[in-house]
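Trainee: First the structure, then my questions, so here it is.
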Amino acid sequence: MKIQSVELREVALPLVTPFRTSVGSQDDRNALLVKVTTADGAVGWGECVAEDDPYYFPEYLSGEREVIRRWLAPTLAAETDLRSAQVPGLLGPLRAHTMAKAAIEMAVLDAELRDLGVSLAQHLGAVHSSVPVGVSVGITDTLDELLKQVENYLAEGYSRVKLKIEPGWDLEPVRLVREAFGDDLALQVDANTAYGLVDIPHLRRLDDFGLVLIEQPFQPDDLDSHVRLAARIDTPVCLDESIRSARDAATALRMDACSIINIKPGRVGGYLESRRIHDLCSAVGVPVWCGGMLETGLGRAANLALAALPGFTLPGDISATARYYERDITAAFVLEDGQLRVPDGPGIGILPDPDALEDATTAVETLTF
Ligand code: OSB
Ligand code: MG
């Protein structure tokens, strides 16, 4: 293909409930959508998962938009016979900006596969037509409010629950949720880097609650503290923020810094690098699961394709539309027996609804080449 234009569109979607983690709270999801149009008229959609501010990850939405505009789109548009498989290699010399790279790679994959009539799921090697999914529950003002939220999500059928934790909001919420909903509930926690080495004795007390895993207790570049925790705690340690590539994954596993990996395509530079991490982890028997960034229906469609690969043996943070938005820019994803269906149409298998897209749009810019 030859890229003829790239549309950068910002959309603002109010969340149905504020989402609070140890690094901040948000009421809206502002997403950057990337639409690629080829010289032959094929169209592909990508979503950049960068947040407004660099609290979770160093990249941020307006910065990633600039990176796509100035460097990534022109680099790919210079190719007269672009194939999606070349994208990681072509963008590799540009440092970091994995979220921008992932967004434009997703759009190129979508355009290419739509044209071929092949689904992203099939292209990546999916083996499931639907996948069990979990829900990520933010920090709430009160414990009662947390229990109410978990109760509602369980009534909807979610297969596992992830609680956000931070110092002062850890053992007690976990204990109460475990007591209220029983030992069979698949329960895990995510600290988003809120702890330090000195908290290891405290974190070990989580072993009383039979958790599936503890996600990213320490700073992204602090693999050493994760190694020390993993050696002292029975609960499996999982990394999110620390893993930005297949090489990072290999290093973390070799060091025994974790025994489970959360794969977020945006964080690792795309769906192709995500598959490499999946393949590497499968080869050494390490479970992986698909993380989420409160994506619109576009990003969640693609995440479902990834989560249908055989090594994704734990439910991901890919919830039904109703958990995030009253009105998404795509048709809603609905939970069926705790599972979401993997889109099987060409490309990512879903398109934005034109009216919903228009209503959510806050800015559009078109680059032509
Ligand atoms: O750490 O997994 C995280 C959302 C934004 C930033 C970081 C994280 C999250 C989530 C949301 O946990 C998961 C979802 O999209 O449902
Ligand atoms: Mg996380």
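Lettering and numbering for the structure tokens are positional, with chains as A, B, ... in the shown order, residues counted from 1 in each chain, and ligands counted from 1 in the shown order.
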List every residue of region 41-132 of chain A that DSSP, applied to the backbone, labels as strand (DSSP E or B), and write the result as a list in words.
Mentor: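 For region 41-132 of chain A, the strand (DSSP E or B) set is Val43, Gly44, Trp45, Gly46, Glu47, Cys48, Glu51, Tyr60, Ser119, Ser130, Val131 and Pro132 of chain A.
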Trainee: Could you report the residues within 9 Å of ligand 2, using only C-alpha atoms and all ligand atoms, as a list of chain:residue names?
Mentor: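 Within the 9 Å cut-off, the matching residues are A:Tyr56, A:Lys164, A:Val189, A:Asp190, A:Ala191, A:Asn192, A:Thr193, A:Glu215, A:Gln216, A:Cys238, A:Leu239, A:Asp240, A:Glu241, A:Asn262, A:Gly291, A:Gly292, A:Met293.
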Trainee: Just want the residues within 10 Å of ligand 1, written as a PyMOL selection string, counting only C-alpha atoms and all ligand atoms.
Mentor: chain A and resi 19-26+29+49-51+55-57+133-138+162-164+189-193+215-216+239-241+262-264+290-296+299-300+316-321+323-324
Trainee: Please identify all polymer residues within 10 Å of Gly63 (chain A), counting only C-alpha atoms, omitting same-chain residues fewer than 3 positions from it, and present them as a PyMOL selection string.
Mentor: chain A and resi 50+52-54+58-60+66-69+97+100
Trainee: Store the residues picked out above in a file with C-alpha atoms, as a compact mmCIF listing (two decimals), in the first residue's frame.
Mentor:
```
# COMPACT_ATOMS: atom_id res chain seq x y z
CA ALA A 50 -1.73 7.78 25.55
CA ASP A 52 -3.62 13.46 28.70
CA ASP A 53 -0.79 13.57 31.24
CA PRO A 54 2.41 11.57 31.71
CA PRO A 58 5.92 9.10 30.01
CA GLU A 59 4.04 9.58 26.76
CA TYR A 60 1.03 11.93 26.58
CA GLU A 66 2.97 15.58 17.33
CA VAL A 67 5.24 12.54 16.96
CA ILE A 68 2.82 10.90 14.52
CA ARG A 69 2.37 14.15 12.60
CA HIS A 97 6.90 6.73 21.62
CA ALA A 100 2.22 6.61 18.85
```
Trainee: Find the residue from A:Leu187, A:Ala78, A:Cys258, A:Met1 that sits nearest to Pro315 (chain A); use only C-alpha atoms when measuring.
Mentor: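 Smallest distance to Pro315 (chain A) is found for A:Leu187.
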Trainee: Find the spatial neighbours of region 30-42 of chain A, counting only C-alpha atoms, within a cut-off of 7 Å - ignore same-chain residues fewer than 6 positions away - and output them as a PyMOL selection string.
Mentor: chain A and resi 1-13+48-49+61+103-104+107-108+111+115
Trainee: May I ask which of the residues A:Leu76, A:Ala230, A:Leu306, A:Ala96 is the closest one to Leu253 (chain A), counting only C-alpha atoms?
Mentor: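 Answer, going by the shortest atom-to-atom distance: A:Ala230.
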Trainee: I need the residues in region 79-266 of chain A that are helix (DSSP H, G or I) according to DSSP; give them as a PyMOL selection string.
Mentor: chain A and resi 84-91+98-116+120-124+143-156+171-181+197-209+223-232+246-254+265-266
Trainee: Out of A:Trp45, A:Trp289, A:Tyr325, A:Trp71, which residue has the shortest atom-to-atom distance to Gly311 (chain A) when counting only C-alpha atoms?
Mentor: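 When distances to Gly311 (chain A) are compared using only C-alpha atoms, the smallest one comes from A:Trp289.
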Trainee: Rounded to one decimal, what separation in Å do you get between CA of Arg275 (chain A) and CA of Leu309 (chain A)?
Mentor: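 Those two atoms sit 8.5 Å apart.
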Trainee: May I ask which of the residues A:Leu213, A:Val237, A:Val227, A:Leu304 is the closest one to Arg254 (chain A), counting only C-alpha atoms?
Mentor: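 Answer, going by the shortest atom-to-atom distance: A:Val227.
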Trainee: With distances taken over only C-alpha atoms, which residue among A:Pro352, A:Pro265, A:Pro287, A:Pro236 lies nearest Ile214 (chain A)?
Mentor: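 Looking at the shortest contact to Ile214 (chain A), the residue is A:Pro236.
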Trainee: Do you know which residues are at most 12 Å from Leu176 (chain A) counting only C-alpha atoms, after dropping those on the same chain fewer than 3 positions away, and could you put them as an mmCIF file with N, CA, C and O atoms, in the first residue's frame?
Mentor:
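Result file follows (around-v4.cif):
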```
data_model
loop_
_atom_site.group_PDB
_atom_site.id
_atom_site.type_symbol
_atom_site.label_atom_id
_atom_site.label_comp_id
_atom_site.auth_asym_id
_atom_site.auth_seq_id
_atom_site.Cartn_x
_atom_site.Cartn_y
_atom_site.Cartn_z
ATOM 1 N N THR A 142 -15.216 5.187 49.542
ATOM 2 C CA THR A 142 -15.490 4.392 50.734
ATOM 3 C C THR A 142 -15.422 2.904 50.390
ATOM 4 O O THR A 142 -15.558 2.517 49.228
ATOM 5 N N LEU A 143 -15.243 2.089 51.431
ATOM 6 C CA LEU A 143 -15.214 0.635 51.239
ATOM 7 C C LEU A 143 -16.590 0.123 50.804
ATOM 8 O O LEU A 143 -16.689 -0.795 49.987
ATOM 9 N N ASP A 144 -17.654 0.746 51.334
ATOM 10 C CA ASP A 144 -19.012 0.354 50.933
ATOM 11 C C ASP A 144 -19.213 0.538 49.434
ATOM 12 O O ASP A 144 -19.801 -0.304 48.765
ATOM 13 N N GLU A 145 -18.713 1.674 48.950
ATOM 14 C CA GLU A 145 -18.841 1.979 47.523
ATOM 15 C C GLU A 145 -18.086 0.931 46.690
ATOM 16 O O GLU A 145 -18.564 0.460 45.654
ATOM 17 N N LEU A 146 -16.924 0.521 47.169
ATOM 18 C CA LEU A 146 -16.143 -0.502 46.460
ATOM 19 C C LEU A 146 -16.915 -1.820 46.399
ATOM 20 O O LEU A 146 -17.035 -2.446 45.336
ATOM 21 N N LEU A 147 -17.450 -2.234 47.550
ATOM 22 C CA LEU A 147 -18.186 -3.515 47.605
ATOM 23 C C LEU A 147 -19.395 -3.480 46.681
ATOM 24 O O LEU A 147 -19.707 -4.467 46.010
ATOM 25 N N LYS A 148 -20.055 -2.332 46.634
ATOM 26 C CA LYS A 148 -21.224 -2.172 45.764
ATOM 27 C C LYS A 148 -20.814 -2.328 44.293
ATOM 28 O O LYS A 148 -21.456 -3.039 43.511
ATOM 29 N N VAL A 150 -18.138 -3.840 43.061
ATOM 30 C CA VAL A 150 -17.724 -5.223 42.755
ATOM 31 C C VAL A 150 -18.956 -6.114 42.632
ATOM 32 O O VAL A 150 -19.057 -6.936 41.713
ATOM 33 N N GLU A 151 -19.903 -5.919 43.537
ATOM 34 C CA GLU A 151 -21.135 -6.720 43.494
ATOM 35 C C GLU A 151 -21.850 -6.557 42.141
ATOM 36 O O GLU A 151 -22.275 -7.542 41.530
ATOM 37 N N LEU A 163 -8.448 -5.055 41.641
ATOM 38 C CA LEU A 163 -8.610 -3.880 42.493
ATOM 39 C C LEU A 163 -7.366 -3.023 42.388
ATOM 40 O O LEU A 163 -6.246 -3.518 42.511
ATOM 41 N N TRP A 169 -4.850 1.766 51.093
ATOM 42 C CA TRP A 169 -5.998 1.163 50.406
ATOM 43 C C TRP A 169 -5.496 -0.151 49.790
ATOM 44 O O TRP A 169 -5.265 -0.248 48.596
ATOM 45 N N ASP A 170 -5.193 -1.114 50.688
ATOM 46 C CA ASP A 170 -4.703 -2.378 50.148
ATOM 47 C C ASP A 170 -5.251 -3.586 50.926
ATOM 48 O O ASP A 170 -6.201 -4.224 50.465
ATOM 49 N N LEU A 171 -4.718 -3.874 52.114
ATOM 50 C CA LEU A 171 -5.136 -5.100 52.807
ATOM 51 C C LEU A 171 -6.632 -5.098 53.117
ATOM 52 O O LEU A 171 -7.310 -6.116 52.941
ATOM 53 N N GLU A 172 -7.151 -3.937 53.564
ATOM 54 C CA GLU A 172 -8.549 -3.876 53.996
ATOM 55 C C GLU A 172 -9.530 -4.074 52.832
ATOM 56 O O GLU A 172 -10.411 -4.935 52.911
ATOM 57 N N PRO A 173 -9.399 -3.317 51.753
ATOM 58 C CA PRO A 173 -10.308 -3.585 50.620
ATOM 59 C C PRO A 173 -10.195 -5.008 50.100
ATOM 60 O O PRO A 173 -11.219 -5.633 49.778
ATOM 61 N N GLU A 179 -13.840 -11.601 51.572
ATOM 62 C CA GLU A 179 -14.844 -12.118 52.505
ATOM 63 C C GLU A 179 -16.251 -12.039 51.934
ATOM 64 O O GLU A 179 -17.055 -12.949 52.093
ATOM 65 N N ALA A 180 -16.527 -10.949 51.235
ATOM 66 C CA ALA A 180 -17.893 -10.755 50.718
ATOM 67 C C ALA A 180 -18.211 -11.680 49.552
ATOM 68 O O ALA A 180 -19.349 -12.112 49.400
ATOM 69 N N PHE A 181 -17.220 -11.976 48.732
ATOM 70 C CA PHE A 181 -17.532 -12.690 47.477
ATOM 71 C C PHE A 181 -16.915 -14.083 47.375
ATOM 72 O O PHE A 181 -17.087 -14.763 46.365
ATOM 73 N N GLY A 182 -16.193 -14.484 48.403
ATOM 74 C CA GLY A 182 -15.771 -15.881 48.491
ATOM 75 C C GLY A 182 -14.441 -16.209 47.840
ATOM 76 O O GLY A 182 -13.887 -15.447 47.055
ATOM 77 N N ASP A 183 -13.958 -17.413 48.165
ATOM 78 C CA ASP A 183 -12.623 -17.844 47.739
ATOM 79 C C ASP A 183 -12.548 -18.159 46.247
ATOM 80 O O ASP A 183 -11.455 -18.217 45.689
ATOM 81 N N LEU A 187 -9.304 -12.877 41.947
ATOM 82 C CA LEU A 187 -9.080 -11.510 42.421
ATOM 83 C C LEU A 187 -7.601 -11.163 42.287
ATOM 84 O O LEU A 187 -6.735 -11.975 42.623
ATOM 85 N N PHE A 209 -4.666 -13.758 50.960
ATOM 86 C CA PHE A 209 -5.936 -13.606 50.244
ATOM 87 C C PHE A 209 -6.030 -14.356 48.927
ATOM 88 O O PHE A 209 -6.979 -14.150 48.158
#
```
Trainee: As an exercise, work out the distance from CA of Val161 (chain A) to CA of Ile139 (chain A) in Å and give it to one decimal place.
Mentor: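 Atom-to-atom, CA of Val161 (chain A) and CA of Ile139 (chain A) are spaced 12.9 Å apart.
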